[in-house]
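Engineer: Let me begin by handing over the structure; questions about it come next.
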Protein chains: 2
Amino acid sequence: MDDKVAAKAEQAVVASPRRAPTQQRSRERVERMLAAASALIAEQGSDAMRMGEVAERAGVSIGSLYQFFPDKRAIVWALAERYTAESQACIAAALKDVGDAEGLSQAFSELVDIYYRLFLAEPVIRDIWSGTQADKALRELELADSRANAEFLVVVLKRLRPGADPIALETTAFLVWQMGEAAVRLAISVDREEGDRLVAAYKRMALRELLAE
Amino acid sequence: MDDKVAAKAEQAVVASPRRAPTQQRSRERVERMLAAASALIAEQGSDAMRMGEVAERAGVSIGSLYQFFPDKRAIVWALAERYTAESQACIAAALKDVGDAEGLSQAFSELVDIYYRLFLAEPVIRDIWSGTQADKALRELELADSRANAEFLVVVLKRLRPGADPIALETTAFLVWQMGEAAVRLAISVDREEGDRLVAAYKRMALRELLAE
DNA sequence: TTGAAATATGATAAATCCTCACATTTGCAA
DNA sequence: TTGCAAATGTGAGGATTTATCATATTTCAA
């Protein structure tokens with residue numbers, strides 16, 4: 001009984017594959033599993049996604065699913081990880097050559113728009129990052145991702161404001177980034193018109209903070 | 001099969017008690033159920049909370065639990081609703097007599113501190129609002145709460161900036177409020193020192209937006 | 001007192017996650 | 001080619017948990 005509580009409290013944060021697929025055959029099957037999961041999440045949400053359905057749609061047995069994913073959350077996590085990897089590359093590219101305030105405004109505004117549109121268009125992304133707070137592993141992934149993205153911003157800020165306190169810049173960048181995620185999540189949960197206004201207001205607010213001081 | 005999907009998609013947003021407790025006896029029992037649930041959430045989180053445990057700890061049968069709560073989420077929702085009612089009163093009081101920019105700075109800063117400390121100290125509140133995004137009913141409750149709180153801010157803002165566009169003020173207040181929730185949630189999920197910095201940065205950022213323009 | 005409404009109970013139906021013992025396939029060294 | 005160990009595949013069933021429902025008991029007003 002105590003063991004049970006302890007085990008739940010522990011809750012392995014990173015659900016690594018029970019076994020890495022080494023053969024071509026299994027790599028393809030794992031892809032099918034992820035594709036099936038993605039489709040089901042798009043249709044019904046990750047909460048309603050059933051392991052049996054994933055297996056069936058992927059054309060594998062339920063046992064095979066658990067061969068490569070230790071539990072249900074691990075599947076969602078695997079999808080989430082792919083998205084973060086993609087988006088980080090995109091963000092790094094967008095901020096790479098920013099040299100002045102004008103450039104930052106431009107790049108930042110575009111990034112926010114991209115993020116907003118992505119959330120509007122992709123039910124899977126929306127669903128995955130909705131459950132974020134409830135799942136420890138996802139929360140950690142998101143925090144790490146957010147820190148990494150903030151770091152790109154810090155690089156730019158240090159260039160634009162060489163005299164500023166580095167810790168203050170870190171804090172600002174991290175906060176601005178997280179608020180961007182919050183703003184976009186909020187924006188997609190209200191009607192489109194209000195959502196647009198909220199995103200625009202966030203941009204103003206964030207840029208004022210990034211450029212001022 | 002289609003019915004099943006449709007039913008899940010519907011997902012009653014507000015889980016009202018299956019039956020309102022009218023007699024003294026049952027009102028007391030419902031209180032005990034909520035108290036038990038609260039204790040269990042504090043100990044293990046609402047996800048690990050088991051209906052059987054709630055019933056046992058409240059000294060009632062599982063059937064009685066379902067007499068007054070249609071499902072598990074309804075219990076969490078009931079607790080959440082109490083907290084929002086309390087906090088709204090608190091916020092209204094704090095903003096009631098704000099007459100100038102200085103007063104707003106003061107009151108706003110205090111409110112944020114209170115909110116931050118509340119989240120640091122109360123595991124139940126933390127847990128409930130963590131799962132917010134995953135549960136439709138909770139998300140709606142939070143949105144409604146946030147709008148109501150933003151409204152108090154709007155009243156103050158209209159007083160301070162009579163010429164401003166009302167819709168812009170609404171948008172600003174709503175956004176600022178939601179970002180405050182996001183900032184506090186972020187702050188409690190990192191170490192205390194960084195959390196304090198983040199909250200302070202949020203205050204600066206929010207006040208700049210509320211007062212400027 | 002009495003009957004209807006409210007409340008209480010807990011065995012059990014139903015849904016779902018995940019395991020495990022065993023079967024099959026693959027790749028490679030002899 | 002052959003043999004074998006490692007990788008992979010399978011699905012019935014164990015385990016857990018939510019929620020229901022037929023039935024029993026209590027309350028209260030007429």
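Naming works like this for the structure tokens: A, B, ... for the chains as they're shown, residue 1 at the start of each chain, ligands 1 onward in shown order.
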Report as an mmCIF file with N, CA and C atoms, in the first residue's frame the set of chain B residues whose atoms approach chain A to within 8 Å, with distances computed over only C-alpha atoms.
Structural biologist:
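After the write, out_3.cif holds the following:
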```
data_model
loop_
_atom_site.group_PDB
_atom_site.id
_atom_site.type_symbol
_atom_site.label_atom_id
_atom_site.label_comp_id
_atom_site.auth_asym_id
_atom_site.auth_seq_id
_atom_site.Cartn_x
_atom_site.Cartn_y
_atom_site.Cartn_z
ATOM 1 N N VAL B 5 -18.863 7.995 -29.795
ATOM 2 C CA VAL B 5 -18.032 9.156 -30.121
ATOM 3 C C VAL B 5 -18.797 10.447 -29.847
ATOM 4 N N LYS B 8 -19.045 11.226 -26.189
ATOM 5 C CA LYS B 8 -17.786 11.717 -25.624
ATOM 6 C C LYS B 8 -17.539 13.158 -26.055
ATOM 7 N N ALA B 9 -17.873 13.438 -27.297
ATOM 8 C CA ALA B 9 -17.651 14.784 -27.797
ATOM 9 C C ALA B 9 -18.508 15.781 -27.030
ATOM 10 N N GLN B 44 -2.323 13.184 -2.611
ATOM 11 C CA GLN B 44 -1.879 12.401 -3.776
ATOM 12 C C GLN B 44 -2.182 13.040 -5.121
ATOM 13 N N ALA B 48 -4.880 10.678 -8.721
ATOM 14 C CA ALA B 48 -4.708 9.450 -7.945
ATOM 15 C C ALA B 48 -5.839 9.261 -6.934
ATOM 16 N N SER B 130 -4.130 22.831 -12.042
ATOM 17 C CA SER B 130 -3.168 22.227 -12.953
ATOM 18 C C SER B 130 -3.901 21.447 -14.026
ATOM 19 N N GLY B 131 -4.882 20.693 -13.598
ATOM 20 C CA GLY B 131 -5.616 19.860 -14.534
ATOM 21 C C GLY B 131 -6.578 20.646 -15.406
ATOM 22 N N THR B 132 -6.646 21.926 -15.131
ATOM 23 C CA THR B 132 -7.599 22.794 -15.812
ATOM 24 C C THR B 132 -7.750 22.525 -17.303
ATOM 25 N N GLN B 133 -6.639 22.474 -17.980
ATOM 26 C CA GLN B 133 -6.716 22.413 -19.433
ATOM 27 C C GLN B 133 -7.323 21.104 -19.934
ATOM 28 N N ALA B 134 -7.143 20.060 -19.165
ATOM 29 C CA ALA B 134 -7.591 18.755 -19.645
ATOM 30 C C ALA B 134 -9.096 18.550 -19.472
ATOM 31 N N THR B 171 -9.848 43.671 -23.516
ATOM 32 C CA THR B 171 -8.833 42.745 -24.011
ATOM 33 C C THR B 171 -7.602 42.768 -23.117
ATOM 34 N N THR B 172 -7.134 43.966 -22.818
ATOM 35 C CA THR B 172 -5.949 44.098 -21.974
ATOM 36 C C THR B 172 -6.160 43.450 -20.612
ATOM 37 N N LEU B 175 -6.370 39.628 -20.843
ATOM 38 C CA LEU B 175 -5.055 39.059 -21.136
ATOM 39 C C LEU B 175 -4.149 39.140 -19.913
ATOM 40 N N GLN B 178 -5.133 36.501 -17.350
ATOM 41 C CA GLN B 178 -4.755 35.144 -17.719
ATOM 42 C C GLN B 178 -3.245 34.937 -17.636
ATOM 43 N N MET B 179 -2.511 35.958 -17.994
ATOM 44 C CA MET B 179 -1.062 35.830 -17.932
ATOM 45 C C MET B 179 -0.610 35.762 -16.494
ATOM 46 N N ALA B 182 -0.938 32.259 -15.558
ATOM 47 C CA ALA B 182 0.143 31.491 -16.175
ATOM 48 C C ALA B 182 1.472 31.771 -15.475
ATOM 49 N N ALA B 183 1.701 33.019 -15.137
ATOM 50 C CA ALA B 183 2.961 33.384 -14.492
ATOM 51 C C ALA B 183 3.098 32.704 -13.137
ATOM 52 N N LEU B 186 3.732 29.048 -13.547
ATOM 53 C CA LEU B 186 5.115 28.843 -13.943
ATOM 54 C C LEU B 186 6.022 29.017 -12.730
ATOM 55 N N GLU B 194 13.924 31.653 -8.557
ATOM 56 C CA GLU B 194 13.540 32.015 -9.914
ATOM 57 C C GLU B 194 12.057 32.374 -9.959
ATOM 58 N N ARG B 197 11.576 35.885 -8.980
ATOM 59 C CA ARG B 197 11.990 36.790 -10.074
ATOM 60 C C ARG B 197 10.921 36.864 -11.159
ATOM 61 N N LEU B 198 10.376 35.697 -11.491
ATOM 62 C CA LEU B 198 9.366 35.658 -12.555
ATOM 63 C C LEU B 198 8.117 36.435 -12.165
ATOM 64 N N ALA B 201 8.857 40.080 -12.377
ATOM 65 C CA ALA B 201 8.912 40.514 -13.778
ATOM 66 C C ALA B 201 7.506 40.630 -14.358
ATOM 67 N N TYR B 202 6.666 39.665 -14.001
ATOM 68 C CA TYR B 202 5.282 39.734 -14.485
ATOM 69 C C TYR B 202 4.598 41.001 -13.991
ATOM 70 N N MET B 205 5.706 43.957 -15.997
ATOM 71 C CA MET B 205 5.174 43.861 -17.348
ATOM 72 C C MET B 205 3.680 44.198 -17.374
ATOM 73 N N GLU B 209 1.648 47.645 -18.882
ATOM 74 C CA GLU B 209 0.562 47.557 -19.864
ATOM 75 C C GLU B 209 -0.711 48.216 -19.338
#
```
Engineer: Can you pull out every residue within 10 Å of stretch 6-22 of chain D, counting only C-alpha atoms (C1' of nucleotides), but drop anything in the same chain fewer than 6 positions away, and send it as a ChimeraX atom specification?
Structural biologist: /A:19,21-23,25-26,60-65,67 /B:50-52,62-63,66,70-72 /C:12-20,22-27
Engineer: As an exercise, work out the distance from atom CA of A:Met49 to atom CA of A:Ala36 in Å and give it to one decimal place.
Structural biologist: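 Between atom CA of A:Met49 and atom CA of A:Ala36 the gap works out to 10.0 Å.
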Engineer: Pick out the residues sitting within 9 Å of B:Ala80, and hand them over as a VMD selection string; count only C-alpha atoms (C1' of nucleotides), and ignore anything fewer than 4 positions along from it in its own chain.
Structural biologist: chain B and resid 75 to 76 84 to 85 125 128 to 129 138 141 to 142
Engineer: Atoms to include: C-alpha atoms. Write the selected residues as a PDB file, in the first residue's frame.
Structural biologist:
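Saved the output as again.pdb:
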```pdb
ATOM      1  CA  ILE B  75     -16.191  16.525  -7.073  1.00  0.00           C
ATOM      2  CA  VAL B  76     -13.115  18.388  -8.224  1.00  0.00           C
ATOM      3  CA  THR B  84     -13.308  30.842  -7.343  1.00  0.00           C
ATOM      4  CA  ALA B  85     -16.198  32.271  -5.357  1.00  0.00           C
ATOM      5  CA  ILE B 125      -5.595  24.627  -5.396  1.00  0.00           C
ATOM      6  CA  ILE B 128      -7.112  21.587  -9.277  1.00  0.00           C
ATOM      7  CA  TRP B 129      -5.910  24.365 -11.537  1.00  0.00           C
ATOM      8  CA  LEU B 138     -12.847  23.219 -15.341  1.00  0.00           C
ATOM      9  CA  LEU B 141     -15.033  27.634 -15.018  1.00  0.00           C
ATOM     10  CA  GLU B 142     -11.588  29.139 -15.125  1.00  0.00           C
TER      11      GLU B 142
END
```
Engineer: If I take atom CA of A:Phe119 and atom CA of A:Ile188, how far is one from the other in Å, to one decimal?
Structural biologist: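 Atom CA of A:Ile188 lies at a distance of 7.2 Å from atom CA of A:Phe119.
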Engineer: Given only C-alpha atoms (C1' of nucleotides) as the basis, pick out the residue of A:Val54, A:Arg159, A:Phe68, A:Val124 nearest to chain D.
Structural biologist: A:Phe68
Engineer: What separation in Å, quoted to one decimal, exists between atom CA of A:Leu104 and atom CA of A:Val156?
Structural biologist: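 Distance between the two atoms: 8.0 Å.
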Engineer: I'd like to know which of A:Val184, A:Val30, A:Val155, A:Ala101 is closest to A:Tyr116, using only C-alpha atoms.
Structural biologist: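 Nearest candidate to A:Tyr116 out of A:Val184, A:Val30, A:Val155, A:Ala101: A:Val184.
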Engineer: Return as a ChimeraX atom specification the residues belonging to chain C that are within 10 Å of chain B, counting only C-alpha atoms (C1' of nucleotides).
Structural biologist: /C:6-10
Engineer: Restricted to C-alpha atoms (C1' of nucleotides), what would the selected residues look like written as a compact mmCIF listing (two decimals), in the first residue's frame?
Structural biologist:
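In the end it all went to result-v7.txt:
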```
# COMPACT_ATOMS: atom_id res chain seq x y z
C1' DA C 6 -35.14 11.53 0.04
C1' DT C 7 -31.27 9.06 1.21
C1' DA C 8 -28.10 4.92 1.92
C1' DT C 9 -25.87 0.67 0.51
C1' DG C 10 -22.60 -2.39 -1.82
```
Engineer: Which of these, B:Ala93, B:Ile41, B:Gly59, B:Lys136, has the shortest distance to B:Glu28 once you count only C-alpha atoms?
Structural biologist: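 Closest to B:Glu28, using only C-alpha atoms: B:Gly59.
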Engineer: Per DSSP on the backbone, filter chain B down to the residues in helix (DSSP H, G or I) and report them as a ChimeraX atom specification.
Structural biologist: /B:2-10,24-44,51-58,62-68,72-96,101-121,123-134,136-160,166-188,192-211
